[in-house]
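Trainee: Below is my_file17.cif; it holds mmCIF, C-alpha atoms.
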data_work
loop_
_atom_site.label_atom_id
_atom_site.label_comp_id
_atom_site.auth_asym_id
_atom_site.auth_seq_id
_atom_site.Cartn_x
_atom_site.Cartn_y
_atom_site.Cartn_z
CA MET T 29 -39.78 -32.02 6.12
CA ASP T 30 -40.76 -34.77 3.67
CA ASN T 31 -37.74 -36.02 1.77
CA GLY T 32 -39.80 -38.32 -0.47
CA LYS T 33 -38.76 -41.55 1.23
CA ASP T 34 -42.33 -42.22 2.39
CA GLN T 35 -43.75 -41.50 -1.05
CA PRO T 36 -44.44 -44.35 -3.48
CA THR T 37 -41.90 -44.94 -6.25
CA ILE T 38 -43.17 -45.33 -9.80
CA ILE T 39 -41.00 -46.60 -12.63
CA ILE T 40 -41.89 -45.47 -16.16
CA VAL T 41 -40.32 -47.17 -19.18
CA ASP T 42 -40.83 -45.84 -22.69
CA ASP T 43 -38.45 -45.48 -25.60
CA GLU T 44 -39.98 -42.10 -26.49
CA GLU T 45 -38.55 -39.21 -24.45
CA MET T 46 -41.64 -37.10 -25.17
CA VAL T 47 -43.90 -39.68 -23.48
CA LEU T 48 -41.58 -39.83 -20.47
CA GLN T 49 -41.54 -36.04 -20.22
CA SER T 50 -45.32 -35.89 -20.46
CA LEU T 51 -45.84 -38.52 -17.74
CA ASN T 52 -43.18 -36.92 -15.53
CA SER T 53 -44.89 -33.54 -15.92
CA ILE T 54 -48.34 -34.89 -15.05
CA LEU T 55 -47.08 -36.80 -12.03
CA GLY T 56 -44.81 -33.96 -10.94
CA LEU T 57 -47.62 -31.43 -11.01
CA GLU T 58 -50.42 -33.59 -9.62
CA THR T 59 -48.68 -35.91 -7.12
CA SER T 60 -45.73 -36.19 -4.77
CA TYR T 61 -44.69 -39.64 -6.02
CA ASN T 62 -41.05 -40.46 -6.68
CA VAL T 63 -40.91 -41.02 -10.43
CA VAL T 64 -37.98 -42.79 -12.07
CA SER T 65 -37.94 -42.87 -15.87
CA HIS T 66 -36.02 -45.14 -18.21
CA THR T 67 -35.84 -45.41 -21.99
CA SER T 68 -34.18 -48.82 -21.61
CA PRO T 69 -36.17 -51.77 -20.21
CA ARG T 70 -32.90 -53.48 -19.24
CA GLU T 71 -31.78 -50.48 -17.19
CA ALA T 72 -35.22 -50.32 -15.59
CA LEU T 73 -34.96 -54.01 -14.61
CA GLN T 74 -31.58 -53.36 -12.99
CA TYR T 75 -33.11 -50.48 -11.04
CA ILE T 76 -36.13 -52.57 -9.97
CA GLU T 77 -33.87 -55.41 -8.87
CA SER T 78 -32.00 -53.24 -6.37
CA ASN T 79 -34.63 -50.70 -5.26
CA ASP T 80 -38.06 -50.57 -3.65
CA VAL T 81 -40.64 -49.94 -6.35
CA ASP T 82 -44.39 -49.58 -5.88
CA LEU T 83 -45.71 -49.49 -9.46
CA VAL T 84 -44.38 -49.93 -13.00
CA ILE T 85 -45.71 -48.34 -16.18
CA SER T 86 -44.32 -49.59 -19.48
CA ASP T 87 -44.81 -48.84 -23.14
CA TYR T 88 -45.99 -51.79 -25.20
CA LEU T 89 -43.75 -51.45 -28.26
CA MET T 90 -40.08 -50.71 -27.63
CA PRO T 91 -37.09 -51.71 -29.78
CA GLU T 92 -34.97 -53.25 -27.02
CA MET T 93 -37.71 -55.39 -25.45
CA ASP T 94 -41.49 -55.35 -25.80
CA GLY T 95 -43.59 -54.26 -22.85
CA ILE T 96 -45.10 -57.69 -22.20
CA SER T 97 -41.64 -59.30 -21.97
CA PHE T 98 -40.42 -56.49 -19.75
CA LEU T 99 -43.39 -56.72 -17.40
CA ALA T 100 -43.06 -60.51 -17.29
CA LYS T 101 -39.50 -60.02 -16.02
CA VAL T 102 -40.75 -57.46 -13.49
CA ARG T 103 -43.29 -60.05 -12.32
CA GLU T 104 -40.51 -62.63 -11.89
CA LEU T 105 -38.39 -60.18 -9.87
CA LYS T 106 -41.13 -58.67 -7.73
CA PRO T 107 -44.56 -60.22 -8.36
CA GLN T 108 -46.38 -57.91 -5.93
CA ILE T 109 -45.69 -54.76 -7.98
CA PRO T 110 -48.76 -53.60 -9.96
CA ARG T 111 -47.91 -53.44 -13.67
CA ILE T 112 -49.49 -51.06 -16.19
CA ILE T 113 -48.92 -51.12 -19.93
CA LEU T 114 -49.34 -48.13 -22.26
CA THR T 115 -49.95 -48.65 -25.93
CA GLY T 116 -50.72 -46.61 -28.98
CA TYR T 117 -52.34 -49.65 -30.56
CA ALA T 118 -55.94 -50.53 -29.78
CA ASP T 119 -55.26 -54.25 -30.00
CA LYS T 120 -57.67 -55.99 -27.64
CA GLU T 121 -56.19 -59.42 -28.37
CA ASN T 122 -52.76 -58.32 -27.15
CA ALA T 123 -54.37 -56.60 -24.17
CA ILE T 124 -55.99 -59.86 -23.11
CA LYS T 125 -52.74 -61.72 -23.73
CA ALA T 126 -50.82 -59.22 -21.60
CA ILE T 127 -53.35 -59.33 -18.79
CA ASN T 128 -53.18 -63.12 -18.70
CA GLU T 129 -49.43 -63.55 -19.25
CA VAL T 130 -48.04 -60.90 -16.93
CA GLY T 131 -50.92 -60.26 -14.55
CA LEU T 132 -51.39 -56.68 -15.65
CA PHE T 133 -53.09 -54.32 -13.25
CA GLN T 134 -54.25 -52.12 -16.15
CA TYR T 135 -53.99 -51.65 -19.91
CA ILE T 136 -54.07 -47.99 -21.05
CA GLU T 137 -54.32 -46.76 -24.61
CA LYS T 138 -52.46 -43.71 -25.89
CA PRO T 139 -53.42 -40.94 -25.89
CA TRP T 140 -54.52 -41.31 -22.29
CA ASP T 141 -56.80 -39.12 -20.24
CA ASN T 142 -54.73 -37.53 -17.45
CA ASP T 143 -57.47 -37.81 -14.83
CA ASP T 144 -58.08 -41.48 -15.66
CA LEU T 145 -54.35 -42.17 -15.59
CA LEU T 146 -53.98 -40.57 -12.15
CA ILE T 147 -56.91 -42.62 -10.81
CA ILE T 148 -55.44 -45.85 -12.23
CA ILE T 149 -52.06 -45.09 -10.68
CA ARG T 150 -53.63 -44.20 -7.34
CA ASN T 151 -55.64 -47.44 -7.38
CA GLY T 152 -52.55 -49.47 -8.28
CA LEU T 153 -50.61 -47.89 -5.43
CA GLU T 154 -53.49 -48.54 -3.03
CA LYS T 155 -53.49 -52.20 -4.11
CA GLN T 156 -49.73 -52.33 -3.47
CA LYS T 157 -50.15 -50.78 -0.01
CA LEU T 158 -52.92 -53.21 0.91
CA LEU T 159 -50.78 -56.16 -0.19
CA LYS T 160 -47.84 -54.89 1.90
CA ASP T 161 -50.10 -54.40 4.92
CA LEU T 162 -51.55 -57.88 4.47
CA GLN T 163 -48.08 -59.42 4.28
CA GLU T 164 -47.05 -57.59 7.47
CA LYS T 165 -50.13 -58.96 9.28
CA ILE T 166 -49.42 -62.48 8.01
CA ASN T 167 -45.84 -62.17 9.28
CA GLU T 168 -47.11 -60.97 12.68
CA ILE T 169 -49.56 -63.88 12.91
CA ASN T 170 -46.86 -66.37 11.92
CA GLY T 171 -44.55 -64.93 14.57
CA ALA T 172 -47.26 -65.13 17.23
CA TYR T 173 -48.08 -68.70 16.19
CA SER T 174 -44.40 -69.64 16.46
CA ASP T 175 -44.24 -68.09 19.94
CA LEU T 176 -47.35 -70.03 20.99
CA GLN T 177 -45.83 -73.27 19.75
CA LYS T 178 -42.69 -72.61 21.80
CA ILE T 179 -44.78 -71.93 24.91
CA GLN T 180 -46.82 -75.08 24.30
CA ASN T 181 -43.64 -77.14 23.97
CA GLU T 182 -42.29 -75.67 27.23
CA ILE T 183 -45.55 -76.49 29.00
CA LEU T 184 -45.47 -80.06 27.67
CA LYS T 185 -41.83 -80.47 28.80
CA THR T 186 -42.84 -79.34 32.28
CA PHE T 187 -45.66 -81.88 32.60
CA VAL T 188 -44.18 -84.83 30.70
#
Translate this structure into structure tokens?
Mentor:
Amino acid sequence: MDNGKDQPTIIIVDDEEMVLQSLNSILGLETSYNVVSHTSPREALQYIESNDVDLVISDYLMPEMDGISFLAKVRELKPQIPRIILTGYADKENAIKAINEVGLFQYIEKPWDNDDLLIIIRNGLEKQKLLKDLQEKINEINGAYSDLQKIQNEILKTFV
């Protein structure tokens, strides 16, 4: 039986409970992702620091910390996590700023289209999985290279 451990974990941060409930409902009905919601960016950062997270969705305007600052801190903690920002403001200048400053995966305007949102999340999670797989392969290659160097050194010791 699937206990959810193999499912991706998504963190959602928004100061509006109604938005969190809406996103939780969509993801709960349409996916099997583990969804963790926070109204506090600081609490979300603490969670991200000590847990495996595969994708982060944040509101743009929040009283405690704006979404760009929050996602910049997420990037510092775990740069490989795809970051998505939600905003009710169609401000293209801030969207470009956010994309450049925090390496956003996607910028989504409220109200969002559920199907588009699910596709964006799926694509972000696929990117995360590909990056993890790539890192595992790099680690395997580095390990094999290290083993080859040890063998080469042993061979040289034998003949020198």
Trainee: Can you tell me how far atom CA of Leu145 of chain T sits from atom CA of Met90 of chain T, in Å to one decimal?
Mentor: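 Taking atom CA of Leu145 of chain T and atom CA of Met90 of chain T, their separation equals 20.5 Å.
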Trainee: Write out as a PyMOL selection string each polymer residue whose atoms come within 8 Å of Ala72 of chain T, counting only C-alpha atoms; drop sequence neighbours fewer than 4 positions from it.
Mentor: chain T and resi 39+41+65-66+68+76
Trainee: To test your reading of the syntax: which residues would the PyMOL selection byres ((chain T and resi 77) around 12) return for the file shown? Reply as a list in words.
Mentor: Ile39, Arg70, Glu71, Ala72, Leu73, Gln74, Tyr75, Ile76, Ser78, Asn79, Asp80, Val81, Lys101, Val102, Arg103, Glu104, Leu105, Lys106, Pro107 and Ile109 of chain T
Trainee: Using the chain letters and numbers from the file, give me the residues hit by the PyMOL selection byres ((chain T and resi 123-139) around 12), as number ranges by chain.
Mentor: T: 47, 50-51, 83-89, 94-122, 140-142, 144-156
Trainee: Report, in Å to a single decimal, how far apart atom CA of Ile166 of chain T and atom CA of Ile183 of chain T are.
Mentor: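 Pair atom CA of Ile183 of chain T / atom CA of Ile166 of chain T returns 25.5 Å.
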Trainee: Report, as AutoDock Vina command-line options, the centre and edge lengths in Å (one decimal) of the axis-aligned box enclosing every listed atom of segment 44-52 of chain T, padded by 5 Å on each side.
Mentor:
--center_x -42.2 --center_y -39.0 --center_z -21.0 --size_x 17.3 --size_y 16.2 --size_z 21.0
Trainee: Kindly resolve the PyMOL selection byres ((chain T and resi 61-64) around 7) on the present coordinates and return the residues as a PyMOL selection string.
Mentor: chain T and resi 32+35-40+52+59-60+65-66
Trainee: Using atom CA of Tyr173 of chain T and atom CA of Lys157 of chain T as the two end points, give the distance in Å to one decimal.
Mentor: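 Separation of atom CA of Tyr173 of chain T and atom CA of Lys157 of chain T: 24.2 Å.
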